[in-house]
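> Just dropping this structure here.
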Amino acid sequence: MSLTFHSAAAEKVKQIIDEDPEMTENISLRVFIQGGGCSGFQYGFTFDEEVGDGDTVVENEGVKLLVDPMSFQYLAGSEIDFSDDPFNQHFIIR
């Protein structure tokens, strides 16, 4: 089973990289899951310069999405997208 990385999310990552002079072109978007206690899993996004051992790498528009092996087992079959709603812009996991 795979993970879909939509063009809208990849384009947003490109925009963020272009606007921040401290980010290098080697930056990738990492999506992860961590335990959240009673409320269940917490999903998160961060930028990362390194591909970890066992990471799944999905590329779109020249941008890489990284997912560690533990998170991938829960995210397999999901879609990573970006909402450009002017009042609520954010990355989305479906």
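A note on labels: chains of the structure tokens are A, B, ... as shown, every chain counts residues from 1, and ligands are counted from 1 in their shown order.
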Among chain A, which ones does DSSP assign to strand (DSSP E) (computed from the backbone)? Answer as a compact mmCIF listing (two decimals) with all heavy atoms, in the first residue's frame.

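Okay, this is what ended up in out-v2.txt:
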# COMPACT_ATOMS: atom_id res chain seq x y z
N THR A 4 -0.10 8.85 -0.91
CA THR A 4 -0.24 9.84 -1.97
C THR A 4 0.17 11.21 -1.45
O THR A 4 -0.32 11.67 -0.42
CB THR A 4 -1.70 9.90 -2.48
OG1 THR A 4 -2.08 8.60 -2.93
CG2 THR A 4 -1.84 10.89 -3.61
N PHE A 5 1.07 11.85 -2.18
CA PHE A 5 1.57 13.20 -1.85
C PHE A 5 1.08 14.13 -2.96
O PHE A 5 1.58 14.12 -4.07
CB PHE A 5 3.10 13.15 -1.79
CG PHE A 5 3.78 14.42 -1.37
CD1 PHE A 5 3.21 15.29 -0.46
CD2 PHE A 5 5.05 14.71 -1.86
CE1 PHE A 5 3.87 16.45 -0.06
CE2 PHE A 5 5.71 15.86 -1.47
CZ PHE A 5 5.13 16.73 -0.57
N SER A 28 13.11 18.28 3.24
CA SER A 28 11.96 17.45 2.89
C SER A 28 10.88 17.66 3.95
O SER A 28 11.17 18.04 5.08
CB SER A 28 12.35 15.97 2.86
OG SER A 28 13.37 15.74 1.93
N LEU A 29 9.64 17.39 3.58
CA LEU A 29 8.54 17.42 4.53
C LEU A 29 8.43 16.04 5.17
O LEU A 29 8.38 15.03 4.47
CB LEU A 29 7.23 17.77 3.83
CG LEU A 29 5.99 17.82 4.71
CD1 LEU A 29 6.10 18.96 5.73
CD2 LEU A 29 4.73 17.99 3.86
N ARG A 30 8.45 16.00 6.49
CA ARG A 30 8.30 14.73 7.20
C ARG A 30 6.94 14.73 7.88
O ARG A 30 6.56 15.69 8.55
CB ARG A 30 9.40 14.55 8.25
CG ARG A 30 9.26 13.24 9.02
CD ARG A 30 10.41 13.01 9.97
NE ARG A 30 11.66 12.76 9.27
CZ ARG A 30 12.01 11.59 8.74
NH1 ARG A 30 11.19 10.56 8.80
NH2 ARG A 30 13.18 11.45 8.15
N VAL A 31 6.19 13.65 7.70
CA VAL A 31 4.93 13.45 8.40
C VAL A 31 5.14 12.29 9.36
O VAL A 31 5.82 11.32 9.04
CB VAL A 31 3.75 13.20 7.42
CG1 VAL A 31 3.97 11.97 6.59
CG2 VAL A 31 2.43 13.12 8.15
N PHE A 32 4.58 12.43 10.57
CA PHE A 32 4.81 11.40 11.58
C PHE A 32 3.60 11.26 12.49
O PHE A 32 2.72 12.13 12.52
CB PHE A 32 6.06 11.74 12.41
CG PHE A 32 5.98 13.06 13.12
CD1 PHE A 32 5.48 13.14 14.41
CD2 PHE A 32 6.39 14.22 12.50
CE1 PHE A 32 5.39 14.36 15.07
CE2 PHE A 32 6.31 15.46 13.14
CZ PHE A 32 5.81 15.52 14.43
N ILE A 33 3.60 10.17 13.21
CA ILE A 33 2.57 9.90 14.21
C ILE A 33 3.27 9.65 15.54
O ILE A 33 4.31 8.99 15.59
CB ILE A 33 1.74 8.65 13.83
CG1 ILE A 33 0.92 8.96 12.58
CG2 ILE A 33 0.84 8.22 14.97
CD1 ILE A 33 0.08 7.81 12.11
N GLN A 34 2.69 10.20 16.60
CA GLN A 34 3.21 9.91 17.93
C GLN A 34 2.04 9.63 18.86
O GLN A 34 0.93 10.09 18.61
CB GLN A 34 4.08 11.06 18.45
CG GLN A 34 3.39 12.39 18.53
CD GLN A 34 4.36 13.52 18.79
OE1 GLN A 34 4.99 13.99 17.88
NE2 GLN A 34 4.46 13.94 20.02
N GLN A 42 -1.37 11.49 17.67
CA GLN A 42 -1.19 12.87 17.23
C GLN A 42 -0.42 12.82 15.91
O GLN A 42 0.58 12.11 15.81
CB GLN A 42 -0.38 13.67 18.25
CG GLN A 42 -1.01 13.74 19.62
CD GLN A 42 -2.26 14.61 19.63
OE1 GLN A 42 -2.31 15.64 18.98
NE2 GLN A 42 -3.26 14.19 20.38
N TYR A 43 -0.88 13.55 14.92
CA TYR A 43 -0.20 13.61 13.63
C TYR A 43 0.61 14.89 13.59
O TYR A 43 0.18 15.92 14.11
CB TYR A 43 -1.23 13.62 12.48
CG TYR A 43 -2.07 12.38 12.43
CD1 TYR A 43 -3.26 12.29 13.14
CD2 TYR A 43 -1.65 11.28 11.70
CE1 TYR A 43 -4.03 11.15 13.11
CE2 TYR A 43 -2.41 10.12 11.65
CZ TYR A 43 -3.60 10.06 12.36
OH TYR A 43 -4.37 8.93 12.32
N GLY A 44 1.78 14.83 12.97
CA GLY A 44 2.61 16.02 12.91
C GLY A 44 3.36 16.13 11.60
O GLY A 44 3.53 15.15 10.87
N PHE A 45 3.78 17.35 11.31
CA PHE A 45 4.59 17.67 10.14
C PHE A 45 5.80 18.45 10.61
O PHE A 45 5.68 19.29 11.50
CB PHE A 45 3.80 18.53 9.15
CG PHE A 45 2.63 17.85 8.52
CD1 PHE A 45 1.37 17.93 9.07
CD2 PHE A 45 2.80 17.11 7.35
CE1 PHE A 45 0.29 17.31 8.48
CE2 PHE A 45 1.72 16.49 6.75
CZ PHE A 45 0.46 16.58 7.32
N THR A 46 6.93 18.20 10.00
CA THR A 46 8.14 18.96 10.28
C THR A 46 9.00 18.94 9.03
O THR A 46 8.73 18.19 8.10
CB THR A 46 8.89 18.37 11.50
OG1 THR A 46 9.93 19.25 11.88
CG2 THR A 46 9.45 17.00 11.22
N PHE A 47 10.02 19.77 9.02
CA PHE A 47 10.97 19.75 7.92
C PHE A 47 12.21 19.01 8.38
O PHE A 47 12.62 19.13 9.53
CB PHE A 47 11.31 21.17 7.47
CG PHE A 47 10.15 21.83 6.78
CD1 PHE A 47 9.35 22.73 7.45
CD2 PHE A 47 9.86 21.53 5.46
CE1 PHE A 47 8.27 23.33 6.82
CE2 PHE A 47 8.78 22.12 4.82
CZ PHE A 47 7.99 23.01 5.50
N ASP A 48 12.81 18.25 7.47
CA ASP A 48 13.96 17.41 7.81
C ASP A 48 14.94 17.42 6.65
O ASP A 48 14.53 17.39 5.49
CB ASP A 48 13.47 15.99 8.09
CG ASP A 48 14.45 15.17 8.89
OD1 ASP A 48 15.65 15.51 8.90
OD2 ASP A 48 14.03 14.17 9.50
N THR A 56 10.18 5.81 4.26
CA THR A 56 9.51 5.78 2.96
C THR A 56 9.64 7.18 2.38
O THR A 56 9.41 8.17 3.09
CB THR A 56 8.03 5.40 3.12
OG1 THR A 56 7.95 4.07 3.65
CG2 THR A 56 7.28 5.47 1.80
N VAL A 57 10.02 7.26 1.12
CA VAL A 57 10.20 8.55 0.45
C VAL A 57 9.23 8.60 -0.73
O VAL A 57 9.24 7.73 -1.58
CB VAL A 57 11.65 8.73 -0.05
CG1 VAL A 57 11.81 10.07 -0.75
CG2 VAL A 57 12.65 8.58 1.09
N VAL A 58 8.38 9.63 -0.74
CA VAL A 58 7.45 9.86 -1.85
C VAL A 58 7.79 11.23 -2.40
O VAL A 58 7.90 12.20 -1.64
CB VAL A 58 5.98 9.82 -1.37
CG1 VAL A 58 5.03 10.04 -2.53
CG2 VAL A 58 5.68 8.50 -0.67
N GLU A 59 7.96 11.32 -3.72
CA GLU A 59 8.36 12.59 -4.32
C GLU A 59 7.29 13.09 -5.29
O GLU A 59 6.68 12.32 -6.03
CB GLU A 59 9.68 12.40 -5.06
CG GLU A 59 10.30 13.71 -5.49
CD GLU A 59 11.74 13.56 -5.94
OE1 GLU A 59 12.41 12.59 -5.57
OE2 GLU A 59 12.19 14.45 -6.68
N ASN A 60 7.07 14.41 -5.24
CA ASN A 60 6.14 15.06 -6.16
C ASN A 60 6.66 16.48 -6.39
O ASN A 60 7.05 17.17 -5.43
CB ASN A 60 4.73 15.11 -5.59
CG ASN A 60 3.70 15.58 -6.59
OD1 ASN A 60 4.02 16.07 -7.67
ND2 ASN A 60 2.44 15.43 -6.23
N VAL A 63 9.78 17.64 -4.67
CA VAL A 63 9.78 17.73 -3.21
C VAL A 63 9.60 16.33 -2.63
O VAL A 63 8.76 15.56 -3.11
CB VAL A 63 8.64 18.65 -2.71
CG1 VAL A 63 8.59 18.68 -1.20
CG2 VAL A 63 8.81 20.06 -3.27
N LYS A 64 10.37 16.03 -1.60
CA LYS A 64 10.28 14.71 -0.97
C LYS A 64 9.43 14.77 0.30
O LYS A 64 9.55 15.70 1.10
CB LYS A 64 11.67 14.19 -0.61
CG LYS A 64 12.49 13.86 -1.82
CD LYS A 64 13.85 13.37 -1.41
CE LYS A 64 14.71 13.13 -2.64
NZ LYS A 64 16.09 12.82 -2.27
N LEU A 65 8.61 13.75 0.47
CA LEU A 65 7.84 13.52 1.69
C LEU A 65 8.48 12.31 2.35
O LEU A 65 8.67 11.27 1.71
CB LEU A 65 6.37 13.22 1.35
CG LEU A 65 5.49 12.84 2.53
CD1 LEU A 65 5.18 14.09 3.37
CD2 LEU A 65 4.20 12.21 2.05
N LEU A 66 8.82 12.43 3.64
CA LEU A 66 9.46 11.36 4.38
C LEU A 66 8.51 10.83 5.46
O LEU A 66 7.84 11.62 6.13
CB LEU A 66 10.73 11.86 5.06
CG LEU A 66 11.75 12.59 4.19
CD1 LEU A 66 12.90 13.11 5.06
CD2 LEU A 66 12.25 11.69 3.09
N VAL A 67 8.51 9.50 5.62
CA VAL A 67 7.70 8.87 6.67
C VAL A 67 8.52 7.75 7.29
O VAL A 67 9.01 6.87 6.58
CB VAL A 67 6.38 8.29 6.11
CG1 VAL A 67 5.53 7.74 7.24
CG2 VAL A 67 5.61 9.32 5.31
N GLU A 79 -3.59 10.13 2.11
CA GLU A 79 -3.24 11.20 1.18
C GLU A 79 -2.76 12.40 1.98
O GLU A 79 -3.39 12.77 2.97
CB GLU A 79 -4.46 11.62 0.36
CG GLU A 79 -5.05 10.52 -0.48
CD GLU A 79 -6.29 10.97 -1.23
OE1 GLU A 79 -6.49 12.19 -1.43
OE2 GLU A 79 -7.06 10.09 -1.62
N ILE A 80 -1.64 12.98 1.54
CA ILE A 80 -1.12 14.19 2.16
C ILE A 80 -1.41 15.33 1.19
O ILE A 80 -0.98 15.29 0.04
CB ILE A 80 0.39 14.09 2.44
CG1 ILE A 80 0.73 12.80 3.21
CG2 ILE A 80 0.89 15.34 3.14
CD1 ILE A 80 0.03 12.63 4.53
N ASP A 81 -2.14 16.34 1.65
CA ASP A 81 -2.57 17.43 0.78
C ASP A 81 -2.40 18.74 1.54
O ASP A 81 -1.96 18.76 2.70
CB ASP A 81 -4.03 17.21 0.37
CG ASP A 81 -4.40 17.88 -0.94
OD1 ASP A 81 -3.58 18.67 -1.46
OD2 ASP A 81 -5.50 17.61 -1.43
N PHE A 82 -2.77 19.83 0.90
CA PHE A 82 -2.71 21.16 1.53
C PHE A 82 -4.00 21.90 1.23
O PHE A 82 -4.44 21.96 0.08
CB PHE A 82 -1.51 21.96 1.02
CG PHE A 82 -1.36 23.27 1.73
CD1 PHE A 82 -0.81 23.33 2.99
CD2 PHE A 82 -1.80 24.45 1.15
CE1 PHE A 82 -0.69 24.54 3.66
CE2 PHE A 82 -1.69 25.66 1.81
CZ PHE A 82 -1.12 25.71 3.08
N SER A 83 -4.60 22.48 2.27
CA SER A 83 -5.80 23.29 2.10
C SER A 83 -5.37 24.74 1.96
O SER A 83 -4.71 25.28 2.84
CB SER A 83 -6.71 23.16 3.32
OG SER A 83 -7.72 24.16 3.27
N HIS A 90 -3.57 24.78 5.87
CA HIS A 90 -2.84 23.77 6.63
C HIS A 90 -2.64 22.51 5.78
O HIS A 90 -3.33 22.30 4.81
CB HIS A 90 -3.59 23.43 7.92
CG HIS A 90 -4.96 22.87 7.69
ND1 HIS A 90 -6.05 23.65 7.39
CD2 HIS A 90 -5.41 21.59 7.69
CE1 HIS A 90 -7.11 22.88 7.22
NE2 HIS A 90 -6.76 21.62 7.39
N PHE A 91 -1.65 21.72 6.21
CA PHE A 91 -1.45 20.41 5.59
C PHE A 91 -2.54 19.48 6.11
O PHE A 91 -2.98 19.60 7.26
CB PHE A 91 -0.07 19.86 5.91
CG PHE A 91 1.03 20.58 5.19
CD1 PHE A 91 1.77 21.56 5.83
CD2 PHE A 91 1.32 20.29 3.86
CE1 PHE A 91 2.77 22.24 5.17
CE2 PHE A 91 2.33 20.96 3.19
CZ PHE A 91 3.06 21.94 3.84
N ILE A 92 -2.95 18.54 5.26
CA ILE A 92 -4.07 17.64 5.58
C ILE A 92 -3.64 16.19 5.41
O ILE A 92 -2.93 15.87 4.45
CB ILE A 92 -5.25 17.90 4.63
CG1 ILE A 92 -5.73 19.33 4.70
CG2 ILE A 92 -6.39 16.93 4.90
CD1 ILE A 92 -6.67 19.71 3.57
N ILE A 93 -4.08 15.34 6.30
CA ILE A 93 -3.94 13.89 6.14
C ILE A 93 -5.35 13.33 5.99
O ILE A 93 -6.20 13.52 6.85
CB ILE A 93 -3.26 13.24 7.36
CG1 ILE A 93 -1.88 13.82 7.56
CG2 ILE A 93 -3.20 11.71 7.18
CD1 ILE A 93 -1.20 13.38 8.84
> Please run DSSP on the backbone and report, as a list in words, all residues within chain A that come out as alpha helix (DSSP H).
Ser7, Ala8, Ala9, Ala10, Glu11, Lys12, Val13, Lys14, Gln15, Ile16, Ile17, Asp18, Glu19, Pro69, Met70, Ser71, Phe72, Gln73, Tyr74 and Leu75 of chain A
> Put those residues in a file: C-alpha atoms, as an mmCIF file, in the first residue's frame.

data_model
loop_
_atom_site.group_PDB
_atom_site.id
_atom_site.type_symbol
_atom_site.label_atom_id
_atom_site.label_comp_id
_atom_site.auth_asym_id
_atom_site.auth_seq_id
_atom_site.Cartn_x
_atom_site.Cartn_y
_atom_site.Cartn_z
ATOM 1 C CA SER A 7 0.827 18.539 -5.824
ATOM 2 C CA ALA A 8 -0.789 21.234 -3.652
ATOM 3 C CA ALA A 9 1.205 20.037 -0.626
ATOM 4 C CA ALA A 10 4.428 19.795 -2.639
ATOM 5 C CA GLU A 11 3.930 23.302 -4.043
ATOM 6 C CA LYS A 12 3.374 24.688 -0.523
ATOM 7 C CA VAL A 13 6.605 23.078 0.671
ATOM 8 C CA LYS A 14 8.438 24.669 -2.291
ATOM 9 C CA GLN A 15 6.939 28.055 -1.397
ATOM 10 C CA ILE A 16 8.008 27.755 2.254
ATOM 11 C CA ILE A 17 11.556 26.779 1.230
ATOM 12 C CA ASP A 18 11.775 29.670 -1.252
ATOM 13 C CA GLU A 19 10.596 32.200 1.346
ATOM 14 C CA PRO A 69 8.604 2.995 9.348
ATOM 15 C CA MET A 70 6.454 3.116 12.505
ATOM 16 C CA SER A 71 4.354 6.010 11.203
ATOM 17 C CA PHE A 72 4.054 4.487 7.740
ATOM 18 C CA GLN A 73 2.199 1.450 9.053
ATOM 19 C CA TYR A 74 -0.592 3.804 10.193
ATOM 20 C CA LEU A 75 -0.380 6.220 7.244
#
> Just to confirm, what's the straight-line distance from atom CA of Ser2 of chain A to atom CA of Gly77 of chain A in Å (one decimal)?
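Between atom CA of Ser2 of chain A and atom CA of Gly77 of chain A the gap works out to 5.3 Å.
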> Rounded to one decimal in Å, what is the spacing between atom CA of Gly52 of chain A and atom CA of Glu22 of chain A?
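These atoms are spaced 21.5 Å apart.
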> Could you work out how far atom CA of Asp68 of chain A lies from atom CA of Asp55 of chain A, giving the answer in Å with one decimal?
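Interatomic distance here is 4.5 Å.
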